[in-house]
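The structure appears right after this line, and notes come after that.
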Amino acid sequence: MSVSHPNRQSLAGWWFFTSQDKILCVPQGQRIPFGQIDDLPVAESWLTQAEYFNDYMGEPCYRLALDEPIDLGLGEWITLYQLVSDLDEALFLLAGQAMQQALFLKTHQFCGQCGQPMARVEWEFAMQCEHCGFRAYPRISPCIIVAIRKENSILLACHKRHVKKDNPIYTAVAGFVETGETLEHCVQREAFEETGIHVDNIRYAGSQPWPFPHSLMMAFLADYQSGEIKVQRSELVDANWFEITNLPQLPKHGTIARKIIDTLVSNISQELKG
Ligand SMILES: [Zn+2]
């Protein structure tokens, strides 16, 4: 696809203003600003930096990355993470795409191979070195997340970053895929490294782009095979089996972590009823 910038004659569109990990949200409607360019506080000089990147509900989506989250008088700047549960799923994905593209363009201005300037490739989303021809694509980091079942209990872990004083969040085991590793190996390795548990019967359960800053979560369900819980203290403060009637604070709705935990809870409760 060729690079396409909006102009004053453009039709209405969705405007994804990003700045670092924040996105500009309006208080009403779908939260993402929508309108004619003339109705929005978009300076003429910005239009060459704004870029069409996708469509939503038949209207074009433009992204515009600002260095600072300046007050545009439209709404407030919110971290994308805070919007996981609030934004329509399609808009969350688009917001993540806008942010990941902006991050890619910002961090690939120079060639990683020879250090010379990179330029946009016109027909696909990539940057290419004008000197040596090295081409770079947006970085996407695959990450597995797995909900593990043992009888009527689920293995949940509390990460150091999720510790809150009174109500810590417990979630499924997760980790980055390493080079030369299949997703199934990664599930087994992460479960064992983080909790000392061996798993089997690994089943794919969906995926979710996780633009913090460029992960792709690939979710699985698995069953306990063997082992005793041994918590990896460098990453976790706790890991334990939780009966579905006695669950701790779980991740937010809208996250794939919550989705796979809810799936196991539902599977177990169906079996108990039957
Ligand atoms: Zn180069």
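Each chain in the structure tokens gets a letter, A, B, ..., in the order shown, and its residues are numbered from 1; ligands are numbered from 1 in order too.
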
For ligand 1, list the contacting residues at 7 Å or closer, counting only C-alpha atoms and all ligand atoms, as number ranges by chain. A: 111-116, 129-134

Write out as a list in words which residues come within 12 Å of Ser45 (chain A) when counting only C-alpha atoms, dropping same-chain ones fewer than 4 positions away. His5, Pro6, Asn7, Arg8, Pro41, Gln49, Ala50 and Leu64 of chain A

Helix (DSSP H, G or I) call set, DSSP backbone run, region 44-199 of chain A, as a ChimeraX atom specification: /A:44-46,80-83,89-107,160-162,183-195

Based on the backbone DSSP call, show me all residues of region 30-67 of chain A assigned strand (DSSP E or B), as a list in words. Phe34, Gly35, Glu51, Tyr52, Phe53, Asn54, Asp55, Tyr56, Glu59, Pro60, Cys61, Tyr62, Arg63, Leu64 and Ala65 of chain A

Long-range neighbours of Asn167 (chain A) as a PyMOL selection string, 10 Å cut-off, only C-alpha atoms, 6 positions minimum in chain: chain A and resi 248-250

Next, the residues of the selection above should be written as a PDB file, in the first residue's frame with all heavy atoms.
ATOM      1  N   PRO A 248      -8.921 -15.509  43.206  1.00  0.00           N
ATOM      2  CA  PRO A 248      -8.406 -14.199  43.631  1.00  0.00           C
ATOM      3  C   PRO A 248      -8.848 -13.121  42.639  1.00  0.00           C
ATOM      4  O   PRO A 248      -9.635 -13.380  41.726  1.00  0.00           O
ATOM      5  CB  PRO A 248      -6.892 -14.418  43.574  1.00  0.00           C
ATOM      6  CG  PRO A 248      -6.704 -15.415  42.471  1.00  0.00           C
ATOM      7  CD  PRO A 248      -7.923 -16.315  42.509  1.00  0.00           C
ATOM      8  N   GLN A 249      -8.315 -11.912  42.814  1.00  0.00           N
ATOM      9  CA  GLN A 249      -8.547 -10.816  41.863  1.00  0.00           C
ATOM     10  C   GLN A 249      -7.948 -11.216  40.515  1.00  0.00           C
ATOM     11  O   GLN A 249      -6.777 -11.584  40.434  1.00  0.00           O
ATOM     12  CB  GLN A 249      -7.867  -9.558  42.408  1.00  0.00           C
ATOM     13  CG  GLN A 249      -7.883  -8.380  41.497  1.00  0.00           C
ATOM     14  CD  GLN A 249      -9.165  -7.573  41.606  1.00  0.00           C
ATOM     15  OE1 GLN A 249     -10.086  -7.933  42.338  1.00  0.00           O
ATOM     16  NE2 GLN A 249      -9.235  -6.508  40.866  1.00  0.00           N
ATOM     17  N   LEU A 250      -8.771 -11.163  39.452  1.00  0.00           N
ATOM     18  CA  LEU A 250      -8.332 -11.622  38.128  1.00  0.00           C
ATOM     19  C   LEU A 250      -8.035 -10.426  37.208  1.00  0.00           C
ATOM     20  O   LEU A 250      -8.456  -9.301  37.494  1.00  0.00           O
ATOM     21  CB  LEU A 250      -9.423 -12.503  37.509  1.00  0.00           C
ATOM     22  CG  LEU A 250      -9.725 -13.804  38.270  1.00  0.00           C
ATOM     23  CD1 LEU A 250     -10.916 -14.520  37.646  1.00  0.00           C
ATOM     24  CD2 LEU A 250      -8.499 -14.718  38.322  1.00  0.00           C
TER      25      LEU A 250
END

Just to confirm, what's the straight-line distance from CA of Trp77 (chain A) to CA of Leu91 (chain A) in Å (one decimal)?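 Rounded to one decimal, the two atoms are 15.7 Å apart.
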
Please identify every residue of region 110-214 of chain A that has at least one atom no farther than 9 Å from an atom of region 268-272 of chain A, counting only C-alpha atoms, and for each give the shortest atom pair and the distance in Å to one decimal, arranged by chain then increasing number, as a tab-separated table.
residue	atom	partner	partner_atom	distance
A:Glu151	CA	A:Ile268	CA	8.3
A:Asn152	CA	A:Ile268	CA	6.1
A:Ser153	CA	A:Ile268	CA	8.3

Output for the residues just chosen: N, CA, C and O atoms as a short mmCIF file (atom, residue, chain, number, x, y, z; two decimals), in the first residue's frame:
data_model
loop_
_atom_site.label_atom_id
_atom_site.label_comp_id
_atom_site.auth_asym_id
_atom_site.auth_seq_id
_atom_site.Cartn_x
_atom_site.Cartn_y
_atom_site.Cartn_z
N GLU A 151 -7.66 -30.91 38.07
CA GLU A 151 -8.98 -31.24 38.64
C GLU A 151 -9.88 -30.01 38.60
O GLU A 151 -10.11 -29.48 37.52
N ASN A 152 -10.33 -29.52 39.74
CA ASN A 152 -11.23 -28.36 39.71
C ASN A 152 -10.53 -27.04 40.08
O ASN A 152 -11.18 -26.08 40.49
N SER A 153 -9.23 -27.05 39.89
CA SER A 153 -8.46 -25.85 40.23
C SER A 153 -7.70 -25.33 39.02
O SER A 153 -7.43 -26.05 38.07
#

Could you check how far CA of Glu190 (chain A) sits from CA of Ala157 (chain A), in Å to one decimal?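 Computed distance, CA of Glu190 (chain A) to CA of Ala157 (chain A), equals 12.0 Å.
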
Need the shell around region 22-39 of chain A: protein/DNA/RNA residues with any atom at most 9 Å away, counting only C-alpha atoms. Skip same-chain ones fewer than 2 positions apart. Format as a short mmCIF file (atom, residue, chain, number, x, y, z; two decimals) with N, CA and C atoms, in the first residue's frame?
data_model
loop_
_atom_site.label_atom_id
_atom_site.label_comp_id
_atom_site.auth_asym_id
_atom_site.auth_seq_id
_atom_site.Cartn_x
_atom_site.Cartn_y
_atom_site.Cartn_z
N PRO A 6 -3.89 12.54 4.65
CA PRO A 6 -5.19 13.21 4.45
C PRO A 6 -4.97 14.61 3.86
N ASN A 7 -6.00 15.18 3.29
CA ASN A 7 -5.92 16.58 2.87
C ASN A 7 -7.22 17.26 3.27
N ARG A 8 -7.26 18.55 3.04
CA ARG A 8 -8.41 19.33 3.51
C ARG A 8 -9.71 18.90 2.81
N GLN A 9 -9.58 18.23 1.67
CA GLN A 9 -10.78 17.78 0.97
C GLN A 9 -11.20 16.37 1.39
N SER A 10 -10.39 15.76 2.29
CA SER A 10 -10.71 14.40 2.70
C SER A 10 -12.09 14.32 3.32
N LEU A 11 -12.68 13.15 3.21
CA LEU A 11 -13.93 12.91 3.91
C LEU A 11 -13.66 12.81 5.39
N ALA A 12 -14.71 12.61 6.15
CA ALA A 12 -14.55 12.44 7.58
C ALA A 12 -13.73 11.18 7.86
N GLY A 13 -13.13 11.15 9.03
CA GLY A 13 -12.36 9.97 9.40
C GLY A 13 -12.20 9.86 10.90
N TRP A 14 -11.63 8.72 11.29
CA TRP A 14 -11.29 8.49 12.70
C TRP A 14 -9.86 8.96 12.92
N TRP A 15 -9.63 9.68 13.99
CA TRP A 15 -8.32 10.27 14.24
C TRP A 15 -7.67 9.64 15.47
N PHE A 16 -6.59 8.93 15.22
CA PHE A 16 -5.84 8.29 16.31
C PHE A 16 -4.62 9.16 16.61
N PHE A 17 -4.79 10.07 17.57
CA PHE A 17 -3.66 10.88 18.02
C PHE A 17 -2.92 10.07 19.08
N THR A 18 -1.65 9.81 18.86
CA THR A 18 -0.89 9.04 19.84
C THR A 18 0.30 9.87 20.33
N SER A 19 0.71 9.56 21.55
CA SER A 19 1.92 10.17 22.10
C SER A 19 2.48 9.19 23.12
N GLN A 20 3.64 8.61 22.79
CA GLN A 20 4.22 7.55 23.61
C GLN A 20 3.19 6.43 23.82
N PRO A 41 -8.76 20.11 15.74
CA PRO A 41 -7.63 21.03 15.90
C PRO A 41 -6.35 20.47 15.29
N VAL A 42 -6.37 20.23 13.99
CA VAL A 42 -5.21 19.66 13.31
C VAL A 42 -4.52 20.76 12.51
N PRO A 69 1.98 14.74 24.76
CA PRO A 69 0.51 14.71 24.83
C PRO A 69 -0.06 16.09 25.15
N LEU A 72 -5.31 19.36 23.23
CA LEU A 72 -5.91 19.78 21.96
C LEU A 72 -7.34 20.26 22.16
N LEU A 74 -9.86 18.52 22.97
CA LEU A 74 -10.84 17.54 22.49
C LEU A 74 -11.26 16.56 23.58
N GLY A 75 -10.30 16.21 24.41
CA GLY A 75 -10.56 15.19 25.42
C GLY A 75 -9.30 14.97 26.22
N GLU A 76 -9.11 13.75 26.70
CA GLU A 76 -7.94 13.50 27.54
C GLU A 76 -7.06 12.40 26.97
N TRP A 77 -5.79 12.46 27.31
CA TRP A 77 -4.83 11.44 26.90
C TRP A 77 -4.88 10.30 27.90
N ILE A 78 -5.09 9.10 27.41
CA ILE A 78 -5.23 7.93 28.29
C ILE A 78 -4.29 6.85 27.80
N THR A 79 -3.67 6.10 28.73
CA THR A 79 -2.81 5.01 28.27
C THR A 79 -3.71 3.96 27.62
N LEU A 80 -3.18 3.34 26.58
CA LEU A 80 -3.98 2.34 25.86
C LEU A 80 -4.36 1.20 26.80
N TYR A 81 -3.45 0.87 27.72
CA TYR A 81 -3.73 -0.23 28.65
C TYR A 81 -5.01 0.02 29.45
N ASP A 86 -12.60 -0.81 27.92
CA ASP A 86 -13.58 0.23 27.56
C ASP A 86 -13.81 0.36 26.06
N LEU A 87 -12.73 0.24 25.29
CA LEU A 87 -12.87 0.45 23.84
C LEU A 87 -13.52 -0.76 23.20
N ASP A 88 -14.32 -0.51 22.17
CA ASP A 88 -14.79 -1.53 21.27
C ASP A 88 -13.56 -2.33 20.81
N LEU A 91 -11.72 -1.14 17.79
CA LEU A 91 -11.01 0.13 17.98
C LEU A 91 -9.75 -0.06 18.82
N ALA A 95 -6.20 1.09 17.59
CA ALA A 95 -5.36 1.98 18.40
C ALA A 95 -3.99 1.35 18.61
N MET A 99 -0.35 2.80 17.34
CA MET A 99 0.79 3.00 18.25
C MET A 99 2.01 2.20 17.82
#

Quick one: distance from CA of Thr255 (chain A) to CA of Gly58 (chain A) in Å, one decimal?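 Calculated distance between CA of Thr255 (chain A) and CA of Gly58 (chain A) is 26.1 Å.
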
Neighbouring residues of region 239-241 of chain A were defined as those with any atom within 10 Å, considering only C-alpha atoms; residues of the same chain fewer than 4 positions away were excluded. Please report them as a ChimeraX atom specification. /A:148-159,170-173,194-196,229-233,247

Please produce a file of those selected residues containing N, CA and C atoms, as a PDB file, in the first residue's frame.
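Resulting contents of selection.pdb:
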ATOM      1  N   ILE A 148      -3.781 -23.260  33.141  1.00  0.00           N
ATOM      2  CA  ILE A 148      -3.490 -24.668  33.444  1.00  0.00           C
ATOM      3  C   ILE A 148      -4.491 -25.197  34.470  1.00  0.00           C
ATOM      4  N   ARG A 149      -5.029 -26.368  34.157  1.00  0.00           N
ATOM      5  CA  ARG A 149      -6.064 -26.959  35.017  1.00  0.00           C
ATOM      6  C   ARG A 149      -5.567 -28.216  35.713  1.00  0.00           C
ATOM      7  N   LYS A 150      -5.921 -28.343  36.984  1.00  0.00           N
ATOM      8  CA  LYS A 150      -5.675 -29.575  37.740  1.00  0.00           C
ATOM      9  C   LYS A 150      -6.957 -29.883  38.498  1.00  0.00           C
ATOM     10  N   GLU A 151      -7.660 -30.911  38.072  1.00  0.00           N
ATOM     11  CA  GLU A 151      -8.976 -31.245  38.642  1.00  0.00           C
ATOM     12  C   GLU A 151      -9.884 -30.010  38.596  1.00  0.00           C
ATOM     13  N   ASN A 152     -10.331 -29.516  39.744  1.00  0.00           N
ATOM     14  CA  ASN A 152     -11.232 -28.360  39.713  1.00  0.00           C
ATOM     15  C   ASN A 152     -10.529 -27.044  40.075  1.00  0.00           C
ATOM     16  N   SER A 153      -9.233 -27.053  39.893  1.00  0.00           N
ATOM     17  CA  SER A 153      -8.456 -25.855  40.235  1.00  0.00           C
ATOM     18  C   SER A 153      -7.697 -25.326  39.019  1.00  0.00           C
ATOM     19  N   ILE A 154      -7.340 -24.035  39.115  1.00  0.00           N
ATOM     20  CA  ILE A 154      -6.600 -23.356  38.048  1.00  0.00           C
ATOM     21  C   ILE A 154      -5.306 -22.802  38.647  1.00  0.00           C
ATOM     22  N   LEU A 155      -4.229 -22.951  37.896  1.00  0.00           N
ATOM     23  CA  LEU A 155      -2.942 -22.419  38.348  1.00  0.00           C
ATOM     24  C   LEU A 155      -2.867 -20.935  38.002  1.00  0.00           C
ATOM     25  N   LEU A 156      -2.726 -20.111  39.014  1.00  0.00           N
ATOM     26  CA  LEU A 156      -2.634 -18.666  38.784  1.00  0.00           C
ATOM     27  C   LEU A 156      -1.415 -18.112  39.515  1.00  0.00           C
ATOM     28  N   ALA A 157      -0.825 -17.095  38.911  1.00  0.00           N
ATOM     29  CA  ALA A 157       0.405 -16.540  39.454  1.00  0.00           C
ATOM     30  C   ALA A 157       0.268 -15.041  39.662  1.00  0.00           C
ATOM     31  N   CYS A 158       0.954 -14.565  40.679  1.00  0.00           N
ATOM     32  CA  CYS A 158       0.976 -13.123  40.945  1.00  0.00           C
ATOM     33  C   CYS A 158       2.365 -12.590  40.594  1.00  0.00           C
ATOM     34  N   HIS A 159       2.406 -11.695  39.604  1.00  0.00           N
ATOM     35  CA  HIS A 159       3.680 -11.125  39.166  1.00  0.00           C
ATOM     36  C   HIS A 159       4.085  -9.979  40.070  1.00  0.00           C
ATOM     37  N   TYR A 170      -3.985 -11.956  40.211  1.00  0.00           N
ATOM     38  CA  TYR A 170      -3.419 -13.243  39.811  1.00  0.00           C
ATOM     39  C   TYR A 170      -3.819 -13.529  38.374  1.00  0.00           C
ATOM     40  N   THR A 171      -2.863 -14.032  37.606  1.00  0.00           N
ATOM     41  CA  THR A 171      -3.166 -14.286  36.198  1.00  0.00           C
ATOM     42  C   THR A 171      -2.528 -15.593  35.732  1.00  0.00           C
ATOM     43  N   ALA A 172      -2.736 -15.886  34.435  1.00  0.00           N
ATOM     44  CA  ALA A 172      -2.204 -17.116  33.865  1.00  0.00           C
ATOM     45  C   ALA A 172      -0.694 -16.964  33.631  1.00  0.00           C
ATOM     46  N   VAL A 173      -0.018 -18.093  33.520  1.00  0.00           N
ATOM     47  CA  VAL A 173       1.422 -18.104  33.255  1.00  0.00           C
ATOM     48  C   VAL A 173       1.670 -17.571  31.837  1.00  0.00           C
ATOM     49  N   GLU A 194       8.427 -20.965  35.578  1.00  0.00           N
ATOM     50  CA  GLU A 194       7.773 -20.036  36.514  1.00  0.00           C
ATOM     51  C   GLU A 194       7.184 -20.746  37.718  1.00  0.00           C
ATOM     52  N   THR A 195       6.711 -21.986  37.515  1.00  0.00           N
ATOM     53  CA  THR A 195       5.962 -22.617  38.621  1.00  0.00           C
ATOM     54  C   THR A 195       6.415 -24.037  38.960  1.00  0.00           C
ATOM     55  N   GLY A 196       7.337 -24.614  38.196  1.00  0.00           N
ATOM     56  CA  GLY A 196       7.795 -25.980  38.495  1.00  0.00           C
ATOM     57  C   GLY A 196       6.825 -27.073  38.071  1.00  0.00           C
ATOM     58  N   ILE A 229       4.415 -27.154  42.956  1.00  0.00           N
ATOM     59  CA  ILE A 229       4.644 -25.731  42.685  1.00  0.00           C
ATOM     60  C   ILE A 229       5.948 -25.250  43.331  1.00  0.00           C
ATOM     61  N   LYS A 230       6.760 -24.639  42.475  1.00  0.00           N
ATOM     62  CA  LYS A 230       7.999 -24.006  42.943  1.00  0.00           C
ATOM     63  C   LYS A 230       8.056 -22.651  42.240  1.00  0.00           C
ATOM     64  N   VAL A 231       7.854 -21.591  43.003  1.00  0.00           N
ATOM     65  CA  VAL A 231       7.686 -20.250  42.419  1.00  0.00           C
ATOM     66  C   VAL A 231       9.032 -19.663  41.996  1.00  0.00           C
ATOM     67  N   GLN A 232       9.055 -19.151  40.755  1.00  0.00           N
ATOM     68  CA  GLN A 232      10.255 -18.465  40.282  1.00  0.00           C
ATOM     69  C   GLN A 232      10.274 -17.052  40.871  1.00  0.00           C
ATOM     70  N   ARG A 233      11.116 -16.861  41.860  1.00  0.00           N
ATOM     71  CA  ARG A 233      11.071 -15.618  42.639  1.00  0.00           C
ATOM     72  C   ARG A 233      11.561 -14.390  41.878  1.00  0.00           C
ATOM     73  N   LEU A 247     -11.668 -17.787  43.803  1.00  0.00           N
ATOM     74  CA  LEU A 247     -10.671 -17.177  42.917  1.00  0.00           C
ATOM     75  C   LEU A 247     -10.188 -15.842  43.468  1.00  0.00           C
TER      76      LEU A 247
END

Of the candidates A:Pro142, A:Gly180, A:Gly206, A:Gly175, which shows the shortest atom-to-atom distance to Phe192 (chain A), using only C-alpha atoms?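 For Phe192 (chain A), the nearest of the candidates is A:Gly175.
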
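Shell of region 213-228 of chain A at 7 Å, with only C-alpha atoms counted and residues fewer than 4 places along the chain excluded, is A:Gln100, A:Arg139, A:Ile140, A:Ser141, A:Pro142, A:Cys143, A:Ile144, A:Ile145, A:Val146, A:Ala147, A:Ile148, A:Arg149, A:Lys150, A:Gly196, A:Ile197, A:His198, A:Val199, A:Asp200, A:Asn201, A:Ile202, A:Arg203, A:Tyr204, A:Ala205, A:Gly206, A:Ser207, A:Gln208, A:Pro209.
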
Dump N, CA and C atoms for the selected residues as a short mmCIF file (atom, residue, chain, number, x, y, z; two decimals), in the first residue's frame?
data_model
loop_
_atom_site.label_atom_id
_atom_site.label_comp_id
_atom_site.auth_asym_id
_atom_site.auth_seq_id
_atom_site.Cartn_x
_atom_site.Cartn_y
_atom_site.Cartn_z
N GLN A 100 1.78 0.96 17.40
CA GLN A 100 2.92 0.14 16.99
C GLN A 100 3.57 0.69 15.72
N ARG A 139 8.29 -4.58 14.56
CA ARG A 139 8.66 -5.66 15.45
C ARG A 139 7.41 -6.18 16.16
N ILE A 140 7.21 -7.49 16.09
CA ILE A 140 6.11 -8.13 16.82
C ILE A 140 6.73 -9.24 17.64
N SER A 141 6.49 -9.23 18.94
CA SER A 141 7.13 -10.19 19.84
C SER A 141 6.12 -11.23 20.31
N PRO A 142 6.22 -12.47 19.81
CA PRO A 142 5.27 -13.49 20.23
C PRO A 142 5.45 -13.89 21.69
N CYS A 143 4.33 -14.08 22.34
CA CYS A 143 4.31 -14.34 23.78
C CYS A 143 3.21 -15.36 24.04
N ILE A 144 3.49 -16.40 24.79
CA ILE A 144 2.43 -17.37 25.10
C ILE A 144 1.79 -17.00 26.44
N ILE A 145 0.54 -17.39 26.59
CA ILE A 145 -0.12 -17.30 27.89
C ILE A 145 -0.96 -18.56 28.04
N VAL A 146 -0.89 -19.20 29.20
CA VAL A 146 -1.53 -20.51 29.33
C VAL A 146 -2.29 -20.63 30.65
N ALA A 147 -3.53 -21.07 30.53
CA ALA A 147 -4.35 -21.36 31.73
C ALA A 147 -4.28 -22.87 31.97
N ILE A 148 -3.78 -23.26 33.14
CA ILE A 148 -3.49 -24.67 33.44
C ILE A 148 -4.49 -25.20 34.47
N ARG A 149 -5.03 -26.37 34.16
CA ARG A 149 -6.06 -26.96 35.02
C ARG A 149 -5.57 -28.22 35.71
N LYS A 150 -5.92 -28.34 36.98
CA LYS A 150 -5.67 -29.58 37.74
C LYS A 150 -6.96 -29.88 38.50
N GLY A 196 7.34 -24.61 38.20
CA GLY A 196 7.80 -25.98 38.50
C GLY A 196 6.83 -27.07 38.07
N ILE A 197 5.82 -26.70 37.26
CA ILE A 197 4.77 -27.64 36.88
C ILE A 197 4.98 -28.12 35.43
N HIS A 198 4.83 -29.41 35.20
CA HIS A 198 4.83 -29.95 33.84
C HIS A 198 3.39 -30.04 33.36
N VAL A 199 3.18 -29.66 32.08
CA VAL A 199 1.82 -29.67 31.52
C VAL A 199 1.75 -30.54 30.28
N ASP A 200 0.53 -31.00 29.98
CA ASP A 200 0.29 -31.66 28.69
C ASP A 200 -1.10 -31.29 28.19
N ASN A 201 -1.52 -31.95 27.09
CA ASN A 201 -2.81 -31.63 26.47
C ASN A 201 -2.94 -30.13 26.19
N ILE A 202 -1.96 -29.57 25.51
CA ILE A 202 -1.91 -28.13 25.22
C ILE A 202 -2.82 -27.83 24.02
N ARG A 203 -3.78 -26.91 24.22
CA ARG A 203 -4.72 -26.55 23.15
C ARG A 203 -4.69 -25.04 22.90
N TYR A 204 -4.66 -24.68 21.62
CA TYR A 204 -4.69 -23.27 21.23
C TYR A 204 -6.04 -22.65 21.59
N ALA A 205 -6.02 -21.44 22.12
CA ALA A 205 -7.27 -20.81 22.58
C ALA A 205 -7.44 -19.37 22.12
N GLY A 206 -6.71 -18.97 21.08
CA GLY A 206 -6.92 -17.62 20.55
C GLY A 206 -5.70 -16.73 20.71
N SER A 207 -5.82 -15.51 20.17
CA SER A 207 -4.68 -14.59 20.23
C SER A 207 -5.17 -13.16 20.41
N GLN A 208 -4.26 -12.31 20.83
CA GLN A 208 -4.59 -10.89 21.02
C GLN A 208 -3.32 -10.05 20.85
N PRO A 209 -3.33 -9.12 19.89
CA PRO A 209 -2.21 -8.19 19.85
C PRO A 209 -2.15 -7.42 21.18
#
